[in-house]
>>> print(open('final_18.txt').read())   # compact mmCIF, C-alpha atoms
# COMPACT_ATOMS: atom_id res chain seq x y z
CA MET A 1 -3.26 21.14 26.79
CA THR A 2 -6.37 21.06 24.59
CA VAL A 3 -6.16 18.65 21.71
CA LYS A 4 -8.72 18.89 18.97
CA THR A 5 -9.94 15.61 17.57
CA HIS A 6 -10.97 15.60 13.94
CA GLU A 7 -13.70 13.07 13.26
CA PHE A 8 -14.81 11.76 9.89
CA THR A 9 -17.36 9.18 8.79
CA TYR A 10 -17.31 7.32 5.50
CA PRO A 11 -19.58 4.81 3.74
CA SER A 12 -17.92 1.46 3.04
CA VAL A 13 -17.22 1.96 -0.62
CA LEU A 14 -13.87 1.91 -2.41
CA GLU A 15 -14.06 5.59 -3.24
CA SER A 16 -14.04 6.49 0.45
CA GLU A 17 -10.34 5.81 0.75
CA ASP A 18 -9.54 8.72 -1.52
CA GLN A 19 -11.63 11.12 0.56
CA MET A 20 -10.28 9.72 3.83
CA LEU A 21 -6.68 10.28 2.72
CA LYS A 22 -7.50 13.83 1.67
CA ASP A 23 -9.11 14.54 5.04
CA VAL A 24 -6.22 13.06 7.03
CA ARG A 25 -3.68 14.89 4.88
CA THR A 26 -5.45 18.18 5.60
CA VAL A 27 -5.30 17.55 9.35
CA LEU A 28 -1.60 16.69 9.17
CA ASP A 29 -0.79 19.71 7.01
CA ARG A 30 -2.59 22.03 9.41
CA ASN A 31 -0.49 20.63 12.22
CA ALA A 32 2.81 20.86 10.34
CA VAL A 33 3.29 17.11 10.16
CA ALA A 34 5.41 16.50 7.08
CA GLY A 35 7.94 14.26 5.38
CA LEU A 36 8.34 10.61 6.24
CA LEU A 37 6.31 10.93 9.42
CA LYS A 38 3.32 12.16 7.43
CA HIS A 39 3.82 9.52 4.76
CA SER A 40 4.19 6.68 7.27
CA PHE A 41 1.16 7.79 9.25
CA MET A 42 -0.96 7.93 6.11
CA ILE A 43 0.13 4.45 5.03
CA VAL A 44 -0.79 3.03 8.43
CA VAL A 45 -4.18 4.76 8.52
CA SER A 46 -4.80 3.57 4.97
CA GLU A 47 -4.05 -0.02 5.99
CA ALA A 48 -6.43 0.11 8.95
CA PHE A 49 -9.08 1.83 6.86
CA THR A 50 -8.83 -0.71 4.06
CA ASN A 51 -9.13 -3.53 6.59
CA ALA A 52 -12.23 -1.88 8.02
CA LEU A 53 -13.81 -1.46 4.58
CA ARG A 54 -13.02 -4.89 3.22
CA HIS A 55 -12.84 -7.27 6.13
CA GLY A 56 -14.91 -5.39 8.69
CA ASN A 57 -17.79 -3.87 6.77
CA ARG A 58 -17.30 -6.06 3.70
CA LEU A 59 -17.83 -3.06 1.44
CA ASP A 60 -21.43 -2.73 2.59
CA PRO A 61 -22.28 0.92 1.80
CA GLU A 62 -24.87 0.89 4.58
CA LYS A 63 -22.09 0.43 7.11
CA GLN A 64 -19.73 3.19 8.09
CA VAL A 65 -16.13 3.58 9.05
CA ASN A 66 -15.28 6.28 11.56
CA VAL A 67 -11.85 7.85 11.62
CA ALA A 68 -10.72 10.18 14.41
CA VAL A 69 -7.36 11.92 14.23
CA SER A 70 -5.75 14.06 16.89
CA VAL A 71 -2.37 15.72 16.86
CA ASN A 72 -0.43 17.39 19.63
CA LYS A 73 3.19 18.38 20.09
CA THR A 74 4.34 14.91 20.99
CA GLU A 75 2.13 12.46 19.16
CA ILE A 76 -0.35 11.75 16.43
CA VAL A 77 -3.22 9.40 17.16
CA ALA A 78 -5.83 7.81 14.92
CA ASP A 79 -8.80 5.61 15.80
CA ILE A 80 -10.41 3.65 12.97
CA ILE A 81 -13.72 2.01 13.87
CA ASP A 82 -15.82 -0.29 11.73
CA GLU A 83 -19.28 -1.83 12.12
CA GLY A 84 -18.31 -5.32 11.09
CA ARG A 85 -18.49 -8.56 12.94
CA GLY A 86 -15.88 -10.77 14.48
CA GLY A 87 -14.07 -7.94 16.27
CA LEU A 88 -10.81 -9.17 17.70
CA ASP A 89 -11.12 -12.54 15.95
CA ARG A 90 -10.31 -10.72 12.73
CA VAL A 91 -6.99 -9.58 14.10
CA LYS A 92 -4.50 -12.33 13.72
CA ARG A 93 -1.07 -10.94 13.33
CA LYS A 94 0.20 -13.19 10.65
CA ARG A 95 2.32 -12.77 7.63
CA PRO A 96 1.22 -14.24 4.34
CA SER A 97 1.95 -17.98 4.39
CA CYS A 98 3.82 -17.51 1.14
CA LEU A 99 5.43 -14.44 -0.39
CA MET A 100 3.28 -14.98 -3.46
CA ASP A 101 0.06 -14.50 -1.49
CA GLU A 102 -1.80 -11.43 -2.60
CA GLY A 103 -3.04 -10.36 0.84
CA GLY A 104 -2.20 -10.43 4.52
CA ARG A 105 0.47 -7.72 4.69
CA GLY A 106 -1.54 -4.86 6.22
CA LEU A 107 -0.91 -5.66 9.88
CA GLU A 108 2.76 -6.24 9.19
CA ILE A 109 3.03 -2.76 7.69
CA ILE A 110 1.08 -1.20 10.56
CA ALA A 111 3.32 -2.90 13.11
CA HIS A 112 6.45 -1.73 11.32
CA TYR A 113 5.60 1.95 11.20
CA ALA A 114 3.38 2.68 14.19
CA ASP A 115 4.85 3.25 17.63
CA SER A 116 1.81 1.64 19.17
CA VAL A 117 -1.27 -0.13 17.88
CA GLN A 118 -4.20 -1.43 19.91
CA PHE A 119 -7.22 -3.44 18.89
CA GLU A 120 -10.50 -3.34 20.76
CA GLU A 121 -13.85 -4.94 20.07
CA THR A 122 -16.71 -2.44 20.00
CA GLU A 123 -20.04 -3.05 21.73
CA LYS A 124 -21.57 -3.85 18.35
CA GLY A 125 -18.90 -6.42 17.56
CA GLY A 126 -16.89 -4.21 15.23
CA LEU A 127 -13.23 -3.40 15.56
CA LYS A 128 -11.54 -0.28 16.85
CA VAL A 129 -7.92 0.14 15.83
CA SER A 130 -5.98 2.77 17.75
CA ILE A 131 -2.72 3.89 16.25
CA LYS A 132 -0.13 6.13 17.81
CA PHE A 133 2.93 7.78 16.31
CA ALA A 134 5.42 9.73 18.41
CA ARG A 135 6.46 12.93 16.67
CA THR A 136 10.02 12.65 17.91
CA ARG A 137 10.92 9.02 17.30
CA ARG A 138 13.04 8.04 14.37
CA LYS A 139 11.47 4.65 13.69
CA TYR A 140 9.75 5.92 10.58
CA ASN A 141 12.90 7.71 9.46
CA LYS A 142 14.80 4.54 8.72
CA ALA A 143 14.90 5.58 5.10
CA VAL A 144 15.91 2.88 2.72
CA ALA A 145 18.10 4.37 0.06
CA ARG A 146 18.93 1.21 -1.84
CA PRO A 147 18.28 1.79 -5.50
CA HIS A 148 16.86 -1.66 -6.04
CA GLY A 149 16.03 -4.88 -4.26
CA GLY A 150 18.53 -7.64 -3.73
CA ASP A 151 19.81 -9.88 -0.99
CA HIS A 152 19.55 -7.96 2.20
CA GLY A 153 18.77 -10.77 4.59
CA ASP A 154 16.69 -10.18 7.69
CA MET B 1 -4.18 6.71 -10.90
CA GLU B 2 -3.01 7.53 -14.41
CA ILE B 3 -1.47 4.80 -16.53
CA GLU B 4 0.63 5.61 -19.60
CA LEU B 5 1.26 2.73 -21.90
CA ARG B 6 3.80 2.17 -24.65
CA GLU B 7 5.68 -0.73 -26.19
CA GLU B 8 9.44 -1.04 -26.54
CA GLY B 9 11.04 -4.03 -28.20
CA GLY B 10 8.20 -6.36 -27.33
CA VAL B 11 7.97 -5.15 -23.73
CA VAL B 12 4.89 -3.23 -22.66
CA VAL B 13 5.94 -0.33 -20.44
CA LEU B 14 3.33 1.01 -18.06
CA THR B 15 4.18 4.27 -16.33
CA LEU B 16 2.01 4.70 -13.27
CA LYS B 17 1.19 8.06 -11.73
CA GLY B 18 -0.45 8.58 -8.37
CA ARG B 19 -1.50 6.22 -5.60
CA LEU B 20 -1.51 2.45 -5.87
CA ASP B 21 -4.12 1.24 -3.42
CA LEU B 22 -7.36 -0.69 -3.20
CA ALA B 23 -9.39 1.55 -5.49
CA SER B 24 -6.75 2.40 -8.10
CA GLY B 25 -5.29 -1.11 -8.14
CA SER B 26 -8.37 -2.62 -9.73
CA GLY B 27 -7.97 -0.31 -12.76
CA LEU B 28 -4.38 -1.42 -13.20
CA LYS B 29 -5.38 -5.06 -12.85
CA ASP B 30 -8.02 -4.67 -15.57
CA GLN B 31 -5.55 -2.99 -17.90
CA VAL B 32 -2.99 -5.76 -17.43
CA LYS B 33 -5.64 -8.44 -17.84
CA ASP B 34 -6.47 -6.88 -21.20
CA LEU B 35 -2.78 -6.90 -22.22
CA LEU B 36 -2.35 -10.52 -21.21
CA SER B 37 -5.43 -11.53 -23.17
CA ARG B 38 -3.67 -10.05 -26.21
CA GLU B 39 -0.55 -12.18 -25.58
CA LYS B 40 1.37 -9.22 -24.18
CA SER B 41 3.06 -10.83 -21.20
CA LEU B 42 6.42 -9.04 -21.06
CA LEU B 43 5.57 -6.19 -18.76
CA HIS B 44 7.50 -3.39 -17.16
CA LEU B 45 6.08 -1.02 -14.56
CA ASN B 46 7.84 2.31 -14.09
CA LEU B 47 6.89 3.45 -10.59
CA SER B 48 8.75 6.77 -10.58
CA HIS B 49 5.52 8.72 -10.15
CA VAL B 50 3.91 6.41 -7.62
CA ASP B 51 3.88 8.44 -4.45
CA PHE B 52 1.91 6.03 -2.28
CA ILE B 53 1.50 2.29 -2.12
CA ASN B 54 -0.14 0.14 0.52
CA SER B 55 -0.71 -3.59 0.99
CA SER B 56 -3.66 -3.58 -1.42
CA GLY B 57 -1.44 -2.08 -4.11
CA LEU B 58 1.24 -4.66 -3.36
CA GLY B 59 -1.38 -7.40 -3.68
CA VAL B 60 -2.25 -6.13 -7.15
CA LEU B 61 1.41 -6.23 -8.19
CA VAL B 62 1.78 -9.79 -6.87
CA SER B 63 -1.35 -10.79 -8.78
CA ILE B 64 0.00 -9.24 -12.01
CA MET B 65 3.34 -10.99 -11.59
CA LYS B 66 1.62 -14.36 -11.09
CA GLU B 67 -0.60 -13.85 -14.12
CA ALA B 68 2.35 -12.84 -16.29
CA ARG B 69 4.37 -15.85 -15.19
CA LEU B 70 1.44 -18.18 -15.83
CA ARG B 71 1.62 -17.00 -19.44
CA LYS B 72 5.38 -17.53 -19.49
CA GLY B 73 5.83 -13.79 -19.34
CA ARG B 74 7.72 -11.54 -17.03
CA LEU B 75 7.15 -8.48 -14.85
CA THR B 76 9.87 -6.01 -13.94
CA LEU B 77 9.68 -2.84 -11.85
CA SER B 78 11.85 0.25 -11.79
CA ASN B 79 12.34 3.72 -10.33
CA LEU B 80 10.93 3.02 -6.90
CA ALA B 81 10.93 6.00 -4.55
CA SER B 82 12.74 5.25 -1.30
CA TYR B 83 9.52 4.93 0.72
CA VAL B 84 8.02 2.60 -1.89
CA GLN B 85 11.21 0.55 -1.85
CA GLU B 86 10.98 0.38 1.93
CA ILE B 87 7.50 -1.16 1.79
CA PHE B 88 8.86 -3.84 -0.55
CA GLU B 89 11.59 -4.59 1.95
CA ILE B 90 9.36 -4.62 5.02
CA THR B 91 7.13 -7.18 3.35
CA GLN B 92 10.10 -9.02 1.80
CA LEU B 93 8.57 -8.63 -1.64
CA SER B 94 11.91 -7.23 -2.81
CA HIS B 95 12.98 -10.89 -2.83
CA ILE B 96 10.44 -12.00 -5.38
CA PHE B 97 10.12 -8.99 -7.69
CA GLU B 98 12.70 -8.06 -10.29
CA ILE B 99 13.41 -4.47 -9.31
CA PHE B 100 15.75 -2.24 -11.32
CA PRO B 101 17.04 1.23 -10.54
CA THR B 102 16.00 2.57 -13.95
CA GLU B 103 13.64 1.72 -16.74
CA SER B 104 16.45 1.41 -19.28
CA GLU B 105 18.25 -1.15 -17.12
CA ALA B 106 15.05 -3.12 -16.79
CA LEU B 107 14.42 -3.09 -20.53
CA LYS B 108 18.01 -4.09 -21.19
CA SER B 109 17.49 -7.17 -19.05
CA TYR B 110 14.83 -8.39 -21.49
CA ASP B 111 17.44 -8.29 -24.27
CA SER B 112 19.78 -10.59 -22.36
CA VAL B 113 16.98 -13.03 -21.58
CA THR B 114 15.86 -13.27 -25.18
CA THR B 115 19.38 -13.57 -26.61
CA ASP B 116 20.65 -16.19 -24.13
>>> encode(input="final_18.txt", output="structure tokens")
Amino acid sequence: MTVKTHEFTYPSVLESEDQMLKDVRTVLDRNAVAGLLKHSFMIVVSEAFTNALRHGNRLDPEKQVNVAVSVNKTEIVADIIDEGRGGLDRVKRKRPSCLMDEGGRGLEIIAHYADSVQFEETEKGGLKVSIKFARTRRKYNKAVARPHGGDHGD
Amino acid sequence: MEIELREEGGVVVLTLKGRLDLASGSGLKDQVKDLLSREKSLLHLNLSHVDFINSSGLGVLVSIMKEARLRKGRLTLSNLASYVQEIFEITQLSHIFEIFPTESEALKSYDSVTTD
């Protein structure tokens, strides 16, 4: 089976996220990926992309973030690659030390939605994040219908 | 992101439309900073038209809540779409935000606080 990979390159500026989401949405629409699967995938790619922009390339417009998306009948895959430094050292799966912290939730969200996530250091010292979603799993369909937050426990 | 702003009974209601992420979040933060500088610290965010939120957007909301509380104010949220609500639960932020099903219920809660 031939799977076409759609590749995009963006400068490390805030405005790139908007274009990246448009590009990924177009790929998903063309491949009939819809509903919660589409939404969950876009959130996860957005988290990885934001990490690449901010923590990898430190919003240096001279540095680029590459995004490659491929879709087949069984899975959707995205690779997000930055040109930053620190590679794997930047990936510490930790929650915010306190709920009132403003950052540190991206990896938690990625881990929740994605069926698989892998981190790899590039030759240049950047980070490659590979994300995989199965098209048939229901993990991302655990819709939460509660009208508002309360005590749900863990 | 579009932000509509109005005031009801001393509470500033901001209705957000669009994505709440890294880029759009800074605009919201600036707007709230301006409100707080004018002693407007009772804030309500209606999220009914927010179709996408990520951790950067959540960080902005946490920051706004902290700033409002520092000024003895309050931040409430309402009308979260199910997938937005889910993000709040995954990250456990549903435990620290005051989230109401509707805007009117949220605004009503300000009455009870001020009359108690």
>>> interface_residues(input="final_18.txt", of="chain B", to="chain A", cutoff="9 Å", atoms="only C-alpha atoms", output="PDB file with C-alpha atoms, keeping the file's coordinate frame")
ATOM      1  CA  ASP B  21      -4.120   1.240  -3.420  1.00  0.00           C
ATOM      2  CA  LEU B  22      -7.360  -0.690  -3.200  1.00  0.00           C
ATOM      3  CA  ALA B  23      -9.390   1.550  -5.490  1.00  0.00           C
ATOM      4  CA  PHE B  52       1.910   6.030  -2.280  1.00  0.00           C
ATOM      5  CA  ILE B  53       1.500   2.290  -2.120  1.00  0.00           C
ATOM      6  CA  ASN B  54      -0.140   0.140   0.520  1.00  0.00           C
ATOM      7  CA  SER B  55      -0.710  -3.590   0.990  1.00  0.00           C
ATOM      8  CA  SER B  56      -3.660  -3.580  -1.420  1.00  0.00           C
ATOM      9  CA  LEU B  58       1.240  -4.660  -3.360  1.00  0.00           C
ATOM     10  CA  GLY B  59      -1.380  -7.400  -3.680  1.00  0.00           C
ATOM     11  CA  VAL B  60      -2.250  -6.130  -7.150  1.00  0.00           C
ATOM     12  CA  LEU B  61       1.410  -6.230  -8.190  1.00  0.00           C
ATOM     13  CA  VAL B  62       1.780  -9.790  -6.870  1.00  0.00           C
ATOM     14  CA  SER B  63      -1.350 -10.790  -8.780  1.00  0.00           C
ATOM     15  CA  LYS B  66       1.620 -14.360 -11.090  1.00  0.00           C
ATOM     16  CA  SER B  78      11.850   0.250 -11.790  1.00  0.00           C
ATOM     17  CA  ASN B  79      12.340   3.720 -10.330  1.00  0.00           C
ATOM     18  CA  LEU B  80      10.930   3.020  -6.900  1.00  0.00           C
ATOM     19  CA  ALA B  81      10.930   6.000  -4.550  1.00  0.00           C
ATOM     20  CA  SER B  82      12.740   5.250  -1.300  1.00  0.00           C
ATOM     21  CA  TYR B  83       9.520   4.930   0.720  1.00  0.00           C
ATOM     22  CA  GLN B  85      11.210   0.550  -1.850  1.00  0.00           C
ATOM     23  CA  GLU B  86      10.980   0.380   1.930  1.00  0.00           C
ATOM     24  CA  ILE B  87       7.500  -1.160   1.790  1.00  0.00           C
ATOM     25  CA  PHE B  88       8.860  -3.840  -0.550  1.00  0.00           C
ATOM     26  CA  GLU B  89      11.590  -4.590   1.950  1.00  0.00           C
ATOM     27  CA  ILE B  90       9.360  -4.620   5.020  1.00  0.00           C
ATOM     28  CA  THR B  91       7.130  -7.180   3.350  1.00  0.00           C
ATOM     29  CA  GLN B  92      10.100  -9.020   1.800  1.00  0.00           C
ATOM     30  CA  LEU B  93       8.570  -8.630  -1.640  1.00  0.00           C
ATOM     31  CA  SER B  94      11.910  -7.230  -2.810  1.00  0.00           C
ATOM     32  CA  HIS B  95      12.980 -10.890  -2.830  1.00  0.00           C
ATOM     33  CA  ILE B  96      10.440 -12.000  -5.380  1.00  0.00           C
ATOM     34  CA  PHE B  97      10.120  -8.990  -7.690  1.00  0.00           C
ATOM     35  CA  GLU B  98      12.700  -8.060 -10.290  1.00  0.00           C
ATOM     36  CA  ILE B  99      13.410  -4.470  -9.310  1.00  0.00           C
ATOM     37  CA  PHE B 100      15.750  -2.240 -11.320  1.00  0.00           C
ATOM     38  CA  PRO B 101      17.040   1.230 -10.540  1.00  0.00           C
ATOM     39  CA  THR B 102      16.000   2.570 -13.950  1.00  0.00           C
TER      40      THR B 102
END
>>> atom_distance(input="final_18.txt", atom1="atom CA of A:Leu28", atom2="atom CA of A:His6")
10.6 Å
>>> atom_distance(input="final_18.txt", atom1="atom CA of B:Leu75", atom2="atom CA of B:Asp51")
20.1 Å
>>> closest_residue(input="final_18.txt", among="A:Val69, A:Val3, A:Gly56, A:Ala48", to="A:Thr26", atoms="all atoms listed in the file")
A:Val69
>>> atom_distance(input="final_18.txt", atom1="atom CA of B:Lys29", atom2="atom CA of B:Ile64")
6.9 Å
>>> residues_near_point(input="final_18.txt", point="(0.1, -0.8, -16.2)", cutoff="7 Å", atoms="only C-alpha atoms", output="ChimeraX atom specification")
/B:3,5,14-16,28,31-32,45
>>> residues_around(input="final_18.txt", residues="B:Lys40", least_positions_apart="6", cutoff="10 Å", atoms="all atoms listed in the file", output="list in words")
Glu7, Gly10, Val11, Val12, Val32, Lys33, Asp34, Ala68, Arg71, Gly73 and Arg74 of chain B
>>> closest_residue(input="final_18.txt", among="A:Val71, A:Leu37, A:Ala114, A:Ile80", to="A:Thr136", atoms="all atoms listed in the file")
A:Leu37
>>> decode(input="final_18.txt", residues="stretch 101-114 of chain A", atoms="N, CA and C atoms", output="PDB file, in the first residue's frame")
ATOM      1  N   ASP A 101       0.612  26.030  38.165  1.00  0.00           N
ATOM      2  CA  ASP A 101       1.682  26.337  37.207  1.00  0.00           C
ATOM      3  C   ASP A 101       1.060  26.636  35.848  1.00  0.00           C
ATOM      4  N   GLU A 102       1.704  27.537  35.128  1.00  0.00           N
ATOM      5  CA  GLU A 102       1.124  27.923  33.842  1.00  0.00           C
ATOM      6  C   GLU A 102       1.544  26.994  32.702  1.00  0.00           C
ATOM      7  N   GLY A 103       2.627  26.259  32.883  1.00  0.00           N
ATOM      8  CA  GLY A 103       3.098  25.401  31.796  1.00  0.00           C
ATOM      9  C   GLY A 103       3.278  23.954  32.231  1.00  0.00           C
ATOM     10  N   GLY A 104       3.798  23.151  31.301  1.00  0.00           N
ATOM     11  CA  GLY A 104       4.164  21.777  31.653  1.00  0.00           C
ATOM     12  C   GLY A 104       3.080  20.734  31.426  1.00  0.00           C
ATOM     13  N   ARG A 105       2.037  21.090  30.666  1.00  0.00           N
ATOM     14  CA  ARG A 105       0.937  20.135  30.479  1.00  0.00           C
ATOM     15  C   ARG A 105       0.935  19.483  29.093  1.00  0.00           C
ATOM     16  N   GLY A 106       1.804  19.967  28.202  1.00  0.00           N
ATOM     17  CA  GLY A 106       1.781  19.489  26.816  1.00  0.00           C
ATOM     18  C   GLY A 106       2.005  17.997  26.678  1.00  0.00           C
ATOM     19  N   LEU A 107       3.028  17.489  27.357  1.00  0.00           N
ATOM     20  CA  LEU A 107       3.340  16.058  27.219  1.00  0.00           C
ATOM     21  C   LEU A 107       2.244  15.190  27.823  1.00  0.00           C
ATOM     22  N   GLU A 108       1.633  15.699  28.871  1.00  0.00           N
ATOM     23  CA  GLU A 108       0.530  14.975  29.510  1.00  0.00           C
ATOM     24  C   GLU A 108      -0.640  14.829  28.523  1.00  0.00           C
ATOM     25  N   ILE A 109      -0.904  15.896  27.796  1.00  0.00           N
ATOM     26  CA  ILE A 109      -2.003  15.868  26.825  1.00  0.00           C
ATOM     27  C   ILE A 109      -1.656  14.943  25.654  1.00  0.00           C
ATOM     28  N   ILE A 110      -0.408  15.028  25.193  1.00  0.00           N
ATOM     29  CA  ILE A 110       0.020  14.134  24.110  1.00  0.00           C
ATOM     30  C   ILE A 110      -0.140  12.681  24.542  1.00  0.00           C
ATOM     31  N   ALA A 111       0.343  12.364  25.738  1.00  0.00           N
ATOM     32  CA  ALA A 111       0.291  10.983  26.226  1.00  0.00           C
ATOM     33  C   ALA A 111      -1.145  10.495  26.381  1.00  0.00           C
ATOM     34  N   HIS A 112      -2.037  11.393  26.724  1.00  0.00           N
ATOM     35  CA  HIS A 112      -3.432  10.984  26.910  1.00  0.00           C
ATOM     36  C   HIS A 112      -4.077  10.590  25.588  1.00  0.00           C
ATOM     37  N   TYR A 113      -3.863  11.389  24.563  1.00  0.00           N
ATOM     38  CA  TYR A 113      -4.602  11.167  23.317  1.00  0.00           C
ATOM     39  C   TYR A 113      -3.916  10.213  22.342  1.00  0.00           C
ATOM     40  N   ALA A 114      -2.598  10.297  22.242  1.00  0.00           N
ATOM     41  CA  ALA A 114      -1.919   9.524  21.194  1.00  0.00           C
ATOM     42  C   ALA A 114      -1.858   8.046  21.571  1.00  0.00           C
TER      43      ALA A 114
END
